[in-house]
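For reference, the structure discussed in these notes is given below.
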Amino acid sequence: MIWRSNMKKLMMMMSAALLLSSCGLYNKYERPDVNTTGLIRDALSDVDTLAVQDTASFGNLPWRSVFTDPQLQQLIEQGLAKNADLLNAALSVQMYETMLKAAKLAFLPAVNIGSTQQQMGSISTVHTDPSSTVKSYSFPATATWTLDLFGNILSQKRSTQMKLLGTKDYQMAVRAQVIGGIANCYYTLLMLDEQLRIVTSMSEMAKETWDMMKLQYNLGRMRSTSVQSAEVAYLSTLTQANDFRRQIRSTENALCLLIGQAGQQIPRTTLAQQSLPTEFSAGVGAALLKNRPDVHNAEMTLASCFHDVQTARSQFYPSITIGASASFGNLTGTMNPGKWTTTFFGSLLQPIFNRGALTAKLKVTKLQYEQAFNTWQNAILKAGNEVSNALVNYNQYDANSQIESQRIEVLTKNVEDTRSLYKSSGSSYLEVLTAQQQLLSAQINKVTDDFNKMQAVVSLYTALGGGGK
């Protein structure tokens, strides 16, 4: 009768569990609705009604197809192998993989040999009378199993799964940042090399102008102030050259840190040898939900918080544990060999009042879910903003570079003409210096615009979730 009564109670609890499953205890995470219409602004239209309808995304290209410079590819490969942040991200993934294995094993029974009183087994002496001594022994074993009727263990496992996926997304985000950071540093070095070459060439021209004016001064055809202005212009180019050398050394050190080595000279090609894509497909806005690792990471955090809410809700329901213990021994010392003794047991723990801890935990997890939802929504908007900025930056810097090319062409001719006229007293020293300074400024601006255009390509690739194999 007792056995039938226990079975009846167990059946009632299992039926209650089935009913409770319809109340949300076993629900799986589903992505909330999100509107991605107009997420990416049109880089060429002032109406802001963009819309990028391409299904193939520039961000899906392998990084070797985007960054084709052999020297840069070697640096990226070294960075992917040795960058400290990327190595730590990989270790974080391993940690969560271990935690997930432990969460899966929580569904299995726990088996122990020994108990709190007797570990592994015990042997003792029994005195039955003053003239005899008998040995007694016992080797106990216990197995317990928590029935997950209300989804407590299941929701914890699912939460850990989401955290593992989020950690893998973080690893991919760090990977994309490392690739983008190495590329930006490399292109910065190429820009500085070219600017140093331009300033050095202009320095030689300024020196010639200064020498020419000193000769005119010695012939009594020019004031000393004109010579002084020419000297100042020449010295100015020397300080600019020194500043570029300083920036080159600093950028090399920063790049070495990214690739996990001590600061040293970086082998590289030239700015003119670079070949980057010029046509881009940003993909539909919804693609960012899948391609951007940081956006997907934010969603996995949201999913983890969803399952944390399920875990907190399940703790309001009973905790059911069943188990069995077995012991082989001869406790009285009167029987040899010993025999097996088995015991079956079960427990049901229903929380009634826990000083508000369970209610508070449920409220906190719900609030954390709302926070994660807001963070995810903001990550989507941020992704669209970064793509829009990268597109408009590329187009504007490309346009500026073309304009600067025209300026350089005109100013180069202007410098030649003013220098020729100056020799024949057809122009003043001020016109010569002004023409040289304008040419130098245009050349520096052209190199900067080209670099910014290349940097926009890197930013767009990263913003679209690039960094693939």
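Each chain in the structure tokens gets a letter, A, B and so on, in the order shown; residues start at 1 in every chain, and ligands are counted from 1 in the order they appear.
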Task: Residue contacts of range 74-91 of chain A (10 Å, only C-alpha atoms) excluding same-chain residues fewer than 6 positions away, as number ranges by chain - done: A: 63-64, 67, 97, 167-183, 186, 255-261, 266-268
Atoms kept (C-alpha atoms) for selection, written as a short mmCIF file (atom, residue, chain, number, x, y, z; two decimals), in the first residue's frame:
```cif
data_model
loop_
_atom_site.label_atom_id
_atom_site.label_comp_id
_atom_site.auth_asym_id
_atom_site.auth_seq_id
_atom_site.Cartn_x
_atom_site.Cartn_y
_atom_site.Cartn_z
CA TRP A 63 40.56 38.61 -45.55
CA ARG A 64 43.24 37.46 -48.01
CA PHE A 67 44.28 42.58 -48.14
CA GLU A 97 33.15 24.51 -23.32
CA THR A 167 32.12 33.78 -26.21
CA LYS A 168 32.82 32.34 -29.67
CA ASP A 169 31.30 35.50 -31.15
CA TYR A 170 33.57 37.58 -28.93
CA GLN A 171 36.52 35.56 -30.21
CA MET A 172 35.51 36.34 -33.80
CA ALA A 173 35.02 40.02 -32.94
CA VAL A 174 38.53 40.18 -31.45
CA ARG A 175 39.84 38.41 -34.54
CA ALA A 176 38.24 40.98 -36.83
CA GLN A 177 39.63 43.81 -34.67
CA VAL A 178 43.13 42.31 -34.82
CA ILE A 179 42.98 42.01 -38.61
CA GLY A 180 41.63 45.55 -38.96
CA GLY A 181 44.14 46.95 -36.48
CA ILE A 182 47.11 45.35 -38.24
CA ALA A 183 45.88 46.57 -41.63
CA TYR A 186 50.39 48.89 -41.95
CA LEU A 255 52.04 47.15 -34.93
CA CYS A 256 54.62 44.92 -33.25
CA LEU A 257 52.45 44.83 -30.14
CA LEU A 258 49.48 43.67 -32.22
CA ILE A 259 51.45 40.80 -33.74
CA GLY A 260 53.01 39.76 -30.45
CA GLN A 261 56.67 40.72 -30.87
CA ILE A 266 58.47 46.42 -40.18
CA PRO A 267 59.14 45.23 -43.77
CA ARG A 268 56.64 46.80 -46.14
#
```
Task: Selection near Arg245 in chain A, 12 Å with only C-alpha atoms, sequence-local residues under 5 positions removed, as JSON, numbers by chain - done: {"A": [189, 191, 192, 193, 194, 195, 196, 197, 199, 200, 238, 239, 240, 250, 251, 252]}
Surrounding residues of Trp210 in chain A excluding itself and chain neighbours under 2 positions, 7 Å, only C-alpha atoms, as a compact mmCIF listing (two decimals) with C-alpha atoms, in the first residue's frame:
```
# COMPACT_ATOMS: atom_id res chain seq x y z
CA ALA A 206 63.45 74.52 -50.50
CA LYS A 207 67.21 74.26 -50.02
CA GLU A 208 67.75 75.12 -53.69
CA MET A 212 69.31 80.81 -54.99
CA MET A 213 68.10 83.66 -52.78
CA LYS A 214 71.41 83.81 -50.92
CA VAL A 227 66.73 85.09 -47.50
CA ALA A 230 63.56 81.04 -47.50
CA GLU A 231 65.70 79.61 -44.71
```
- [ ] Give me, please, the distance in Å between CA of Glu404 in chain A and CA of Ser420 in chain A, quoted to one decimal.
- [x] 24.0 Å
Task: Length of the CA of Arg313 in chain A to CA of Leu358 in chain A vector [Å] - done: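 About the pair CA of Arg313 in chain A and CA of Leu358 in chain A: they are 8.2 Å apart.
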- [ ] May I have the residues within 8 Å of Ala379 in chain A as a list in words, using only C-alpha atoms and disregarding those fewer than 2 positions away in the same chain?
- [x] Asp294, Val295, Ala298, Thr375, Trp376, Gln377, Leu381, Lys382 and Ala383 of chain A
Grab the residues selected above and save them as a compact mmCIF listing (two decimals), in the first residue's frame with N, CA and C atoms.
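Writing done, so here's result08.txt:
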```
# COMPACT_ATOMS: atom_id res chain seq x y z
N ASP A 294 29.82 40.93 -32.86
CA ASP A 294 29.43 41.63 -31.64
C ASP A 294 27.91 41.72 -31.52
N VAL A 295 27.22 41.84 -32.65
CA VAL A 295 25.75 41.87 -32.62
C VAL A 295 25.22 40.50 -32.21
N ALA A 298 25.76 39.97 -28.55
CA ALA A 298 24.74 40.65 -27.75
C ALA A 298 23.45 39.85 -27.73
N THR A 375 20.71 46.43 -24.98
CA THR A 375 22.08 46.36 -25.49
C THR A 375 22.11 45.77 -26.89
N TRP A 376 21.30 44.74 -27.11
CA TRP A 376 21.25 44.11 -28.43
C TRP A 376 20.71 45.08 -29.48
N GLN A 377 19.62 45.77 -29.15
CA GLN A 377 19.05 46.74 -30.08
C GLN A 377 20.08 47.83 -30.42
N LEU A 381 21.90 49.03 -34.08
CA LEU A 381 21.96 50.40 -34.58
C LEU A 381 23.41 50.85 -34.77
N LYS A 382 24.26 50.46 -33.83
CA LYS A 382 25.68 50.82 -33.93
C LYS A 382 26.30 50.19 -35.17
N ALA A 383 25.94 48.95 -35.46
CA ALA A 383 26.48 48.28 -36.64
C ALA A 383 26.07 49.01 -37.91
```
- [ ] Please run DSSP on the backbone and report, as a PyMOL selection string, all residues within range 218-445 of chain A that come out as helix (DSSP H, G or I).
- [x] chain A and resi 218+224-258+271-273+285-291+293-314+357-423+429-445
Open item on the list: Nearest residue to Asp69 in chain A out of A:Ser459, A:Gln436, A:Tyr96, A:Leu276, using only C-alpha atoms?
Closed with: A:Leu276
Open item on the list: Just checking: using only C-alpha atoms, which residue out of A:Thr270, A:Asn297, A:Gln310, A:Thr418 ends up closest to Ala372 in chain A?
Closed with: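 Among the listed residues, A:Asn297 lies closest to Ala372 in chain A.
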Open item on the list: Which residues are close to range 386-390 of chain A, i.e. within 6 Å by only C-alpha atoms, leaving aside same-chain residues fewer than 2 positions away? Reply as an NGL selection string.
Closed with: :A and (40-41 or 383-384 or 392-393 or 456 or 459-460 or 463)
- [ ] Might you pull out every residue within 12 Å of Ser424 in chain A, with only C-alpha atoms counted and same-chain residues fewer than 6 positions away left off, and present them as a VMD selection string?
- [x] chain A and resid 216 221 417 to 418
Deliver the residues from the most recent selection as a file, using C-alpha atoms, as an mmCIF file, in the first residue's frame.
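out32.cif, freshly written:
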```cif
data_model
loop_
_atom_site.group_PDB
_atom_site.id
_atom_site.type_symbol
_atom_site.label_atom_id
_atom_site.label_comp_id
_atom_site.auth_asym_id
_atom_site.auth_seq_id
_atom_site.Cartn_x
_atom_site.Cartn_y
_atom_site.Cartn_z
ATOM 1 C CA GLN A 216 70.720 87.031 -55.189
ATOM 2 C CA ARG A 221 69.403 92.107 -55.639
ATOM 3 C CA ASP A 417 56.677 78.807 -63.637
ATOM 4 C CA THR A 418 57.304 80.967 -60.541
#
```
Task: Distance of CA of Gly59 in chain A from CA of Asp450 in chain A, expressed in Å to one decimal place - done: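 The value is 21.0 Å.
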